[in-house]
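Q: Structure file input_30.txt (compact mmCIF, C-alpha atoms) is given on the next line.
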```txt
# COMPACT_ATOMS: atom_id res chain seq x y z
CA MET D 270 68.16 225.59 55.63
CA LYS D 271 67.25 223.16 52.90
CA SER D 272 67.81 219.57 53.94
CA GLU D 273 69.95 217.43 51.66
CA THR D 274 68.77 214.12 50.30
CA LEU D 275 70.75 211.07 49.31
CA SER D 276 69.89 211.54 45.66
CA GLN D 277 71.30 215.08 45.63
CA ASN D 278 74.68 213.56 46.41
CA LEU D 279 74.66 210.26 44.60
CA ASP D 280 72.00 209.11 42.19
CA GLN D 281 69.62 206.40 43.33
CA GLU D 282 70.88 203.95 40.72
CA ALA D 283 74.45 204.31 41.97
CA ILE D 284 73.37 203.71 45.57
CA GLU D 285 71.51 200.57 44.51
CA VAL D 286 74.55 199.33 42.59
CA PHE D 287 76.63 199.40 45.77
CA ILE D 288 73.85 197.92 47.92
CA ASP D 289 73.50 195.04 45.42
CA SER D 290 77.25 194.60 45.24
CA LEU D 291 77.59 194.43 49.03
CA ALA D 292 74.62 192.04 49.41
CA HIS D 293 75.96 189.83 46.61
CA PHE D 294 79.36 189.65 48.29
CA TYR D 295 77.92 188.48 51.62
CA ARG D 296 75.63 185.95 49.89
CA GLN D 297 78.41 184.46 47.78
CA ILE D 298 80.75 183.91 50.72
CA GLY D 299 77.94 182.39 52.80
CA VAL D 300 77.47 185.20 55.34
CA ASP D 301 73.74 185.32 54.59
CA GLU D 302 72.83 186.68 57.99
CA ALA D 303 74.51 190.05 57.31
CA GLN D 304 71.70 192.58 56.94
CA ILE D 305 72.13 195.55 54.64
CA GLY D 306 70.87 198.68 56.43
CA VAL D 307 69.34 201.92 55.20
CA PRO D 308 71.89 204.18 53.47
CA TYR D 309 72.45 207.65 54.91
CA LEU D 310 74.51 210.76 54.27
CA LEU D 311 77.74 211.21 56.15
CA ASP D 312 78.17 214.60 57.80
CA SER D 313 80.63 216.84 55.98
CA ASN D 314 84.25 216.56 57.10
CA LYS D 315 83.52 213.34 58.95
CA THR D 316 84.75 209.84 58.30
CA ILE D 317 83.64 206.58 59.84
CA ILE D 318 86.47 204.17 60.45
CA SER D 319 86.44 200.73 62.04
CA ASP D 320 89.33 198.35 62.83
CA PHE D 321 90.30 197.50 59.22
CA THR D 322 89.70 199.63 56.13
CA GLY D 323 90.23 199.03 52.41
CA ILE D 324 90.22 202.17 50.27
CA ILE D 325 89.76 202.22 46.49
CA GLY D 326 90.47 205.36 44.47
CA VAL D 327 88.07 205.95 41.59
CA SER D 328 88.91 207.85 38.41
CA GLY D 329 87.46 208.17 34.92
CA LYS D 330 83.78 209.03 34.45
CA ARG D 331 83.33 209.17 38.25
CA LYS D 332 85.95 210.54 40.61
CA GLY D 333 86.47 210.01 44.30
CA CYS D 334 86.77 206.93 46.44
CA VAL D 335 84.93 203.94 47.83
CA TYR D 336 85.99 202.43 51.10
CA TYR D 337 84.96 199.41 53.13
CA THR D 338 85.59 199.41 56.87
CA CYS D 339 84.91 196.52 59.21
CA PRO D 340 85.38 195.54 62.88
CA LYS D 341 87.98 192.85 63.54
CA ALA D 342 85.43 190.31 64.89
CA MET D 343 83.24 190.53 61.79
CA LEU D 344 86.17 190.43 59.39
CA SER D 345 87.58 187.39 61.22
CA TYR D 346 84.22 185.66 60.81
CA ILE D 347 84.17 186.43 57.08
CA LEU D 348 87.70 185.02 56.74
CA LEU D 349 86.66 181.80 58.49
CA ALA D 350 83.48 181.62 56.37
CA MET D 351 85.75 181.66 53.31
CA GLY D 352 87.43 178.52 54.61
CA GLU D 353 90.60 180.10 55.95
CA LYS D 354 91.94 178.43 59.09
CA GLU D 355 94.44 181.09 60.05
CA VAL D 356 93.25 184.49 61.30
CA SER D 357 96.11 186.98 61.44
CA SER D 358 96.34 190.76 61.06
CA SER D 359 98.13 190.20 57.78
CA TYR D 360 95.25 188.11 56.38
CA LEU D 361 92.64 190.53 57.75
CA CYS D 362 94.39 193.44 56.00
CA ASP D 363 94.55 191.39 52.80
CA LEU D 364 90.87 190.49 53.07
CA VAL D 365 89.58 194.01 53.74
CA GLY D 366 91.43 195.23 50.64
CA GLU D 367 90.02 192.36 48.60
CA ILE D 368 86.45 193.10 49.76
CA ALA D 369 86.79 196.80 48.86
CA ASN D 370 88.21 195.82 45.47
CA THR D 371 85.44 193.30 44.85
CA ILE D 372 82.60 195.68 45.72
CA ALA D 373 84.06 198.55 43.67
CA GLY D 374 84.96 196.21 40.80
CA ASN D 375 81.48 194.70 40.67
CA ALA D 376 80.04 198.22 40.34
CA ARG D 377 81.59 198.34 36.85
CA LYS D 378 78.82 196.03 35.69
CA ALA D 379 76.52 199.05 35.97
CA PHE D 380 78.97 201.92 35.45
CA GLY D 381 81.07 200.39 32.66
CA SER D 382 84.82 200.30 32.17
CA ASP D 383 85.12 204.11 32.49
CA PHE D 384 84.65 203.54 36.21
CA MET D 385 88.34 203.00 36.87
CA ILE D 386 89.47 201.65 40.21
CA SER D 387 92.86 201.60 41.90
CA VAL D 388 94.50 198.73 43.74
CA PRO D 389 93.35 198.89 47.38
CA VAL D 390 95.11 200.87 50.08
CA VAL D 391 94.67 199.07 53.38
CA VAL D 392 94.71 200.66 56.83
CA GLN D 393 94.59 198.95 60.22
CA GLY D 394 93.28 201.35 62.87
CA LYS D 395 92.65 205.01 62.17
CA PRO D 396 94.21 206.49 59.04
CA GLU D 397 95.53 210.06 59.29
CA ARG D 398 92.89 211.07 56.78
CA ILE D 399 90.95 209.78 53.83
CA GLN D 400 90.74 212.25 50.97
CA LEU D 401 87.08 212.55 50.02
CA PRO D 402 85.72 214.77 47.22
CA GLU D 403 84.74 218.21 48.56
CA SER D 404 81.90 218.82 46.13
CA THR D 405 79.72 215.97 47.33
CA ARG D 406 78.76 214.33 50.60
CA SER D 407 79.50 210.67 51.12
CA VAL D 408 76.82 208.01 51.23
CA VAL D 409 77.15 205.34 53.92
CA ILE D 410 75.77 201.83 53.37
CA PRO D 411 75.84 199.80 56.60
CA ALA D 412 75.67 196.02 56.95
CA LYS D 413 74.95 194.54 60.36
CA TRP D 414 76.13 191.12 61.52
CA LYS D 415 75.30 190.12 65.09
CA PHE D 416 76.46 193.07 67.23
CA TYR D 417 78.81 194.40 64.59
CA GLU D 418 78.49 196.71 61.64
CA SER D 419 80.62 197.00 58.52
CA ILE D 420 80.25 199.99 56.29
CA ILE D 421 80.75 200.94 52.67
CA VAL D 422 81.34 204.64 52.14
CA VAL D 423 80.77 205.89 48.61
CA ALA D 424 82.18 209.34 47.87
CA LEU D 425 81.88 210.01 44.15
CA GLU D 426 81.60 213.18 42.09
CA MET F 8 97.20 165.69 36.79
CA LYS F 9 96.82 169.30 35.53
CA ARG F 10 99.56 171.73 36.55
CA MET F 11 97.94 174.92 37.83
CA MET F 12 99.32 178.39 38.59
CA ILE F 13 97.42 180.99 40.66
CA VAL F 14 98.01 184.71 40.11
CA ASP F 15 96.35 187.18 42.47
CA ASP F 16 97.67 190.01 44.65
CA SER F 17 95.52 188.72 47.52
CA THR F 18 97.06 185.89 49.57
CA VAL F 19 93.60 185.09 50.95
CA ILE F 20 92.24 184.55 47.43
CA ARG F 21 95.26 182.49 46.31
CA ARG F 22 94.81 180.21 49.33
CA ARG F 23 91.05 180.06 48.75
CA ILE F 24 91.52 178.89 45.15
CA GLU F 25 94.15 176.38 46.23
CA ARG F 26 91.88 174.65 48.75
CA THR F 27 88.72 174.60 46.59
CA HIS F 28 87.01 171.24 47.02
CA GLY F 29 86.84 168.92 44.05
CA LEU F 30 90.09 169.96 42.39
CA ASP F 31 91.74 166.57 42.95
CA ASN F 32 93.01 166.44 39.38
CA TYR F 33 94.92 169.69 39.73
CA VAL F 34 98.27 170.33 41.39
CA VAL F 35 99.35 173.91 42.15
CA VAL F 36 102.86 174.27 40.73
CA GLY F 37 103.28 177.98 41.35
CA SER F 38 101.68 181.23 42.42
CA ALA F 39 102.37 184.92 41.92
CA SER F 40 101.10 188.20 43.30
CA ASP F 41 101.46 190.34 40.16
CA GLY F 42 101.84 190.01 36.41
CA LEU F 43 105.63 190.41 36.34
CA GLN F 44 106.14 187.67 38.89
CA ALA F 45 103.59 185.51 37.06
CA VAL F 46 105.63 185.61 33.84
CA GLU F 47 108.78 184.49 35.70
CA VAL F 48 106.99 181.68 37.54
CA ALA F 49 105.26 180.54 34.33
CA ARG F 50 108.63 180.32 32.52
CA GLN F 51 110.02 178.06 35.26
CA ARG F 52 106.97 175.87 36.00
CA THR F 53 105.15 175.68 32.62
CA PRO F 54 101.60 175.32 33.99
CA ASP F 55 98.72 173.81 31.97
CA LEU F 56 96.20 176.11 33.60
CA ILE F 57 96.52 179.66 34.94
CA THR F 58 94.00 181.58 37.05
CA ILE F 59 94.74 185.30 36.95
CA ASP F 60 93.33 188.42 38.60
CA LEU F 61 93.23 191.66 36.59
CA THR F 62 93.71 194.45 39.16
CA MET F 63 97.25 193.94 40.45
CA PRO F 64 100.27 196.17 41.13
CA ASN F 65 103.40 196.32 38.90
CA MET F 66 101.85 194.54 35.92
CA ASP F 67 98.10 193.98 35.76
CA GLY F 68 96.38 190.91 34.37
CA ILE F 69 95.38 192.51 31.06
CA ASP F 70 99.06 193.19 30.24
CA ALA F 71 100.27 189.84 31.59
CA ILE F 72 97.80 187.62 29.68
CA PRO F 73 99.38 187.92 26.18
CA ILE F 74 102.87 187.38 27.64
CA LEU F 75 101.71 184.31 29.57
CA ALA F 76 100.02 182.99 26.41
CA GLU F 77 103.36 183.35 24.59
CA VAL F 78 105.46 181.85 27.40
CA CYS F 79 103.09 178.89 27.91
CA PRO F 80 101.34 178.46 24.55
CA GLY F 81 99.43 175.35 25.65
CA ALA F 82 98.15 176.80 28.92
CA ARG F 83 94.48 177.61 29.43
CA ILE F 84 93.95 180.97 31.14
CA LEU F 85 91.00 181.70 33.44
CA VAL F 86 90.52 185.31 34.53
CA VAL F 87 89.19 185.55 38.10
CA SER F 88 88.38 189.21 38.66
CA ALA F 89 85.95 191.57 40.37
CA LEU F 90 85.81 193.77 37.25
CA ALA F 91 82.33 192.80 36.19
CA ASP F 92 81.79 194.84 33.01
CA LYS F 93 81.45 193.10 29.65
CA ALA F 94 84.08 195.27 27.94
CA THR F 95 86.77 194.08 30.36
CA ALA F 96 85.83 190.43 29.88
CA ILE F 97 85.91 190.83 26.09
CA ARG F 98 89.28 192.61 26.30
CA ALA F 99 90.76 189.84 28.45
CA LEU F 100 89.47 187.14 26.09
CA SER F 101 90.76 189.00 23.03
CA ARG F 102 94.23 189.15 24.59
CA GLY F 103 94.45 185.39 25.07
CA ALA F 104 92.33 184.39 28.08
CA HIS F 105 90.00 181.40 27.61
CA GLY F 106 87.45 182.04 30.36
CA PHE F 107 86.23 184.66 32.83
CA LEU F 108 84.93 184.14 36.37
CA CYS F 109 83.64 187.08 38.34
CA LYS F 110 84.54 187.57 42.03
CA PRO F 111 83.11 186.88 44.54
CA PHE F 112 82.83 183.21 43.52
CA THR F 113 81.64 180.06 45.24
CA ASP F 114 83.63 176.81 45.24
CA ASP F 115 81.13 175.32 42.79
CA GLU F 116 81.49 178.23 40.37
CA LEU F 117 85.28 178.03 40.41
CA ARG F 118 85.32 174.25 39.99
CA ASP F 119 82.82 174.43 37.10
CA ALA F 120 84.79 177.20 35.38
CA LEU F 121 88.05 175.23 35.64
CA HIS F 122 86.49 171.98 34.46
CA GLU F 123 84.85 173.75 31.53
CA LEU F 124 88.14 175.34 30.57
CA VAL F 125 90.16 172.13 30.51
CA SER F 126 87.43 170.12 28.78
CA ASP F 127 87.06 172.59 25.87
```
Go ahead and express the file in the form of structure tokens.
A:
Amino acid sequence: MKSETLSQNLDQEAIEVFIDSLAHFYRQIGVDEAQIGVPYLLDSNKTIISDFTGIIGVSGKRKGCVYYTCPKAMLSYILLAMGEKEVSSSYLCDLVGEIANTIAGNARKAFGSDFMISVPVVVQGKPERIQLPESTRSVVIPAKWKFYESIIVVALE
Amino acid sequence: MKRMMIVDDSTVIRRRIERTHGLDNYVVVGSASDGLQAVEVARQRTPDLITIDLTMPNMDGIDAIPILAEVCPGARILVVSALADKATAIRALSRGAHGFLCKPFTDDELRDALHELVSD
């Protein structure tokens, strides 16, 4: 069986766009110690979900979705790093949606305005399902902070 | 004292903008979480300065900007958005915005963008 590569599922430039976008986000909010890991392909029919997830639908030239999922401890730290004093589930849900929106929105610098993004859908805990495109496998971009790992999943046709 | 209004569907971002250091000459007179609400608040509070996101439910920033410019003709409008492509920035400016700041932003970047806008 022929093994699949990342670039068969999402071109290298697109992967780099999301890596840069994620790294830029952590730098700008002062969470410099978050380390972007090596991207990998997600097994078909699988999803990776952490405590809080922000999902952005993508339409236009590219179709599919981008989602950001993060453990509560890491998301709480990001919220505090942004100067917020109050850490509540409501603010964590708000923040995870905002991060997903920011990373997907920043990708338009490379993809152009035909890369159309939805307002975020936010889920706390495990969603029933996330609709991913069937014709392509998702690319996972991890970012580690201390013992925790947030993830961007890019599933684009 | 400049009267400022903050429009963003994220509460975290609205609060972040509000507590940005070095904005002593600004008082927040209103906030809104979408374009429709922004138009109502702007009518009542007549801000001098409006920060507005673009991707919002109900009415997005691109549609709200010309209405806000009509409702508050003297107000300066700063777009604060994650949509980082040039075409979107040009579109927002052509519809009546005066400046564009890309998310994620630092306190310094926001403060500089606001100061630049009001000193034009």
Q: Do a neighbour search on Ile57 in chain F at 9 Å with all atoms listed in the file, toss out local chain neighbours closer than 3 positions, and write the hits as an mmCIF file with C-alpha atoms, in the frame of the given file.
A:
```cif
data_model
loop_
_atom_site.group_PDB
_atom_site.id
_atom_site.type_symbol
_atom_site.label_atom_id
_atom_site.label_comp_id
_atom_site.auth_asym_id
_atom_site.auth_seq_id
_atom_site.Cartn_x
_atom_site.Cartn_y
_atom_site.Cartn_z
ATOM 1 C CA ARG F 10 99.560 171.730 36.550
ATOM 2 C CA MET F 11 97.940 174.920 37.830
ATOM 3 C CA MET F 12 99.320 178.390 38.590
ATOM 4 C CA ILE F 13 97.420 180.990 40.660
ATOM 5 C CA VAL F 14 98.010 184.710 40.110
ATOM 6 C CA ALA F 49 105.260 180.540 34.330
ATOM 7 C CA PRO F 54 101.600 175.320 33.990
ATOM 8 C CA LEU F 75 101.710 184.310 29.570
ATOM 9 C CA ALA F 82 98.150 176.800 28.920
ATOM 10 C CA ARG F 83 94.480 177.610 29.430
ATOM 11 C CA ILE F 84 93.950 180.970 31.140
ATOM 12 C CA LEU F 85 91.000 181.700 33.440
ATOM 13 C CA VAL F 86 90.520 185.310 34.530
#
```
Q: One number please: CA of Ser38 in chain F to CA of Asn65 in chain F, in Å, one decimal.
A: 15.6 Å
Q: Find the distance between CA of Leu291 in chain D and CA of Ala71 in chain F and write it in Å to one decimal.
A: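 These atoms are spaced 29.0 Å apart.
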Q: As a VMD selection string, could you give me every residue of chain F near chain D (at most 12 Å apart, counting all atoms listed in the file)?
A: chain F and resid 15 to 28 40 to 41 60 to 67 87 to 98 108 to 117
Q: So how far away is CA of Ile305 in chain D from CA of Val408 in chain D, in Å?
A: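 We find that CA of Val408 in chain D and CA of Ile305 in chain D lie 13.7 Å from each other.
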Q: Would you list the contacts of Leu401 in chain D as an MDAnalysis selection string, taking every protein, DNA or RNA residue within 7 Å and counting all atoms listed in the file, but skipping same-chain residues closer than 2 positions in sequence?
A: chainID D and resid 333:334 399 403 424
Q: Neighbours of range 46-48 of chain F within 8 Å (only C-alpha atoms; same-chain residues fewer than 3 positions away dropped), as a PyMOL selection string?
A: chain F and resi 37-39+42-43+51-53+71+74-75+78
Q: Please tell me which residues are no farther than 8 Å from (95.3, 190.5, 23.5) in the file, counting all atoms listed in the file, and write them as a VMD selection string.
A: chain F and resid 69 72 to 73 98 to 103
Q: I need range 341-356 of chain D from the structure I supplied, saved as an mmCIF file, in the first residue's frame with N, CA, C and O atoms retained.
A:
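As a result, selection.cif now contains:
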```cif
data_model
loop_
_atom_site.group_PDB
_atom_site.id
_atom_site.type_symbol
_atom_site.label_atom_id
_atom_site.label_comp_id
_atom_site.auth_asym_id
_atom_site.auth_seq_id
_atom_site.Cartn_x
_atom_site.Cartn_y
_atom_site.Cartn_z
ATOM 1 N N LYS D 341 -8.044 22.891 28.809
ATOM 2 C CA LYS D 341 -8.505 24.001 29.645
ATOM 3 C C LYS D 341 -7.335 24.754 30.299
ATOM 4 O O LYS D 341 -7.322 25.980 30.336
ATOM 5 N N ALA D 342 -6.334 23.999 30.815
ATOM 6 C CA ALA D 342 -5.219 24.650 31.522
ATOM 7 C C ALA D 342 -4.445 25.593 30.592
ATOM 8 O O ALA D 342 -4.090 26.709 30.979
ATOM 9 N N MET D 343 -4.209 25.149 29.378
ATOM 10 C CA MET D 343 -3.448 25.969 28.426
ATOM 11 C C MET D 343 -4.258 27.184 27.981
ATOM 12 O O MET D 343 -3.740 28.304 27.894
ATOM 13 N N LEU D 344 -5.540 26.962 27.737
ATOM 14 C CA LEU D 344 -6.406 28.064 27.306
ATOM 15 C C LEU D 344 -6.548 29.102 28.422
ATOM 16 O O LEU D 344 -6.555 30.308 28.160
ATOM 17 N N SER D 345 -6.614 28.627 29.664
ATOM 18 C CA SER D 345 -6.694 29.544 30.819
ATOM 19 C C SER D 345 -5.432 30.395 30.889
ATOM 20 O O SER D 345 -5.491 31.600 31.161
ATOM 21 N N TYR D 346 -4.276 29.768 30.634
ATOM 22 C CA TYR D 346 -3.011 30.492 30.663
ATOM 23 C C TYR D 346 -2.980 31.563 29.566
ATOM 24 O O TYR D 346 -2.538 32.694 29.795
ATOM 25 N N ILE D 347 -3.469 31.209 28.390
ATOM 26 C CA ILE D 347 -3.501 32.171 27.277
ATOM 27 C C ILE D 347 -4.393 33.362 27.649
ATOM 28 O O ILE D 347 -4.044 34.519 27.420
ATOM 29 N N LEU D 348 -5.532 33.064 28.260
ATOM 30 C CA LEU D 348 -6.464 34.126 28.671
ATOM 31 C C LEU D 348 -5.789 35.077 29.662
ATOM 32 O O LEU D 348 -5.892 36.302 29.529
ATOM 33 N N LEU D 349 -5.090 34.510 30.629
ATOM 34 C CA LEU D 349 -4.382 35.333 31.621
ATOM 35 C C LEU D 349 -3.260 36.133 30.960
ATOM 36 O O LEU D 349 -3.041 37.299 31.293
ATOM 37 N N ALA D 350 -2.562 35.492 30.001
ATOM 38 C CA ALA D 350 -1.475 36.177 29.285
ATOM 39 C C ALA D 350 -2.006 37.379 28.504
ATOM 40 O O ALA D 350 -1.280 38.344 28.263
ATOM 41 N N MET D 351 -3.283 37.327 28.136
ATOM 42 C CA MET D 351 -3.895 38.443 27.403
ATOM 43 C C MET D 351 -4.386 39.533 28.358
ATOM 44 O O MET D 351 -5.004 40.506 27.928
ATOM 45 N N GLY D 352 -4.131 39.334 29.643
ATOM 46 C CA GLY D 352 -4.454 40.372 30.621
ATOM 47 C C GLY D 352 -5.809 40.217 31.294
ATOM 48 O O GLY D 352 -6.200 41.062 32.103
ATOM 49 N N GLU D 353 -6.527 39.147 30.941
ATOM 50 C CA GLU D 353 -7.836 38.927 31.552
ATOM 51 C C GLU D 353 -7.664 38.427 32.983
ATOM 52 O O GLU D 353 -6.799 37.587 33.244
ATOM 53 N N LYS D 354 -8.462 38.959 33.892
ATOM 54 C CA LYS D 354 -8.356 38.539 35.295
ATOM 55 C C LYS D 354 -9.314 37.391 35.608
ATOM 56 O O LYS D 354 -9.091 36.604 36.515
ATOM 57 N N GLU D 355 -10.393 37.342 34.849
ATOM 58 C CA GLU D 355 -11.449 36.384 35.148
ATOM 59 C C GLU D 355 -11.354 35.182 34.195
ATOM 60 O O GLU D 355 -11.346 35.355 32.977
ATOM 61 N N VAL D 356 -11.245 33.986 34.747
ATOM 62 C CA VAL D 356 -11.226 32.780 33.912
ATOM 63 C C VAL D 356 -12.520 32.008 34.158
ATOM 64 O O VAL D 356 -12.723 31.445 35.228
#
```
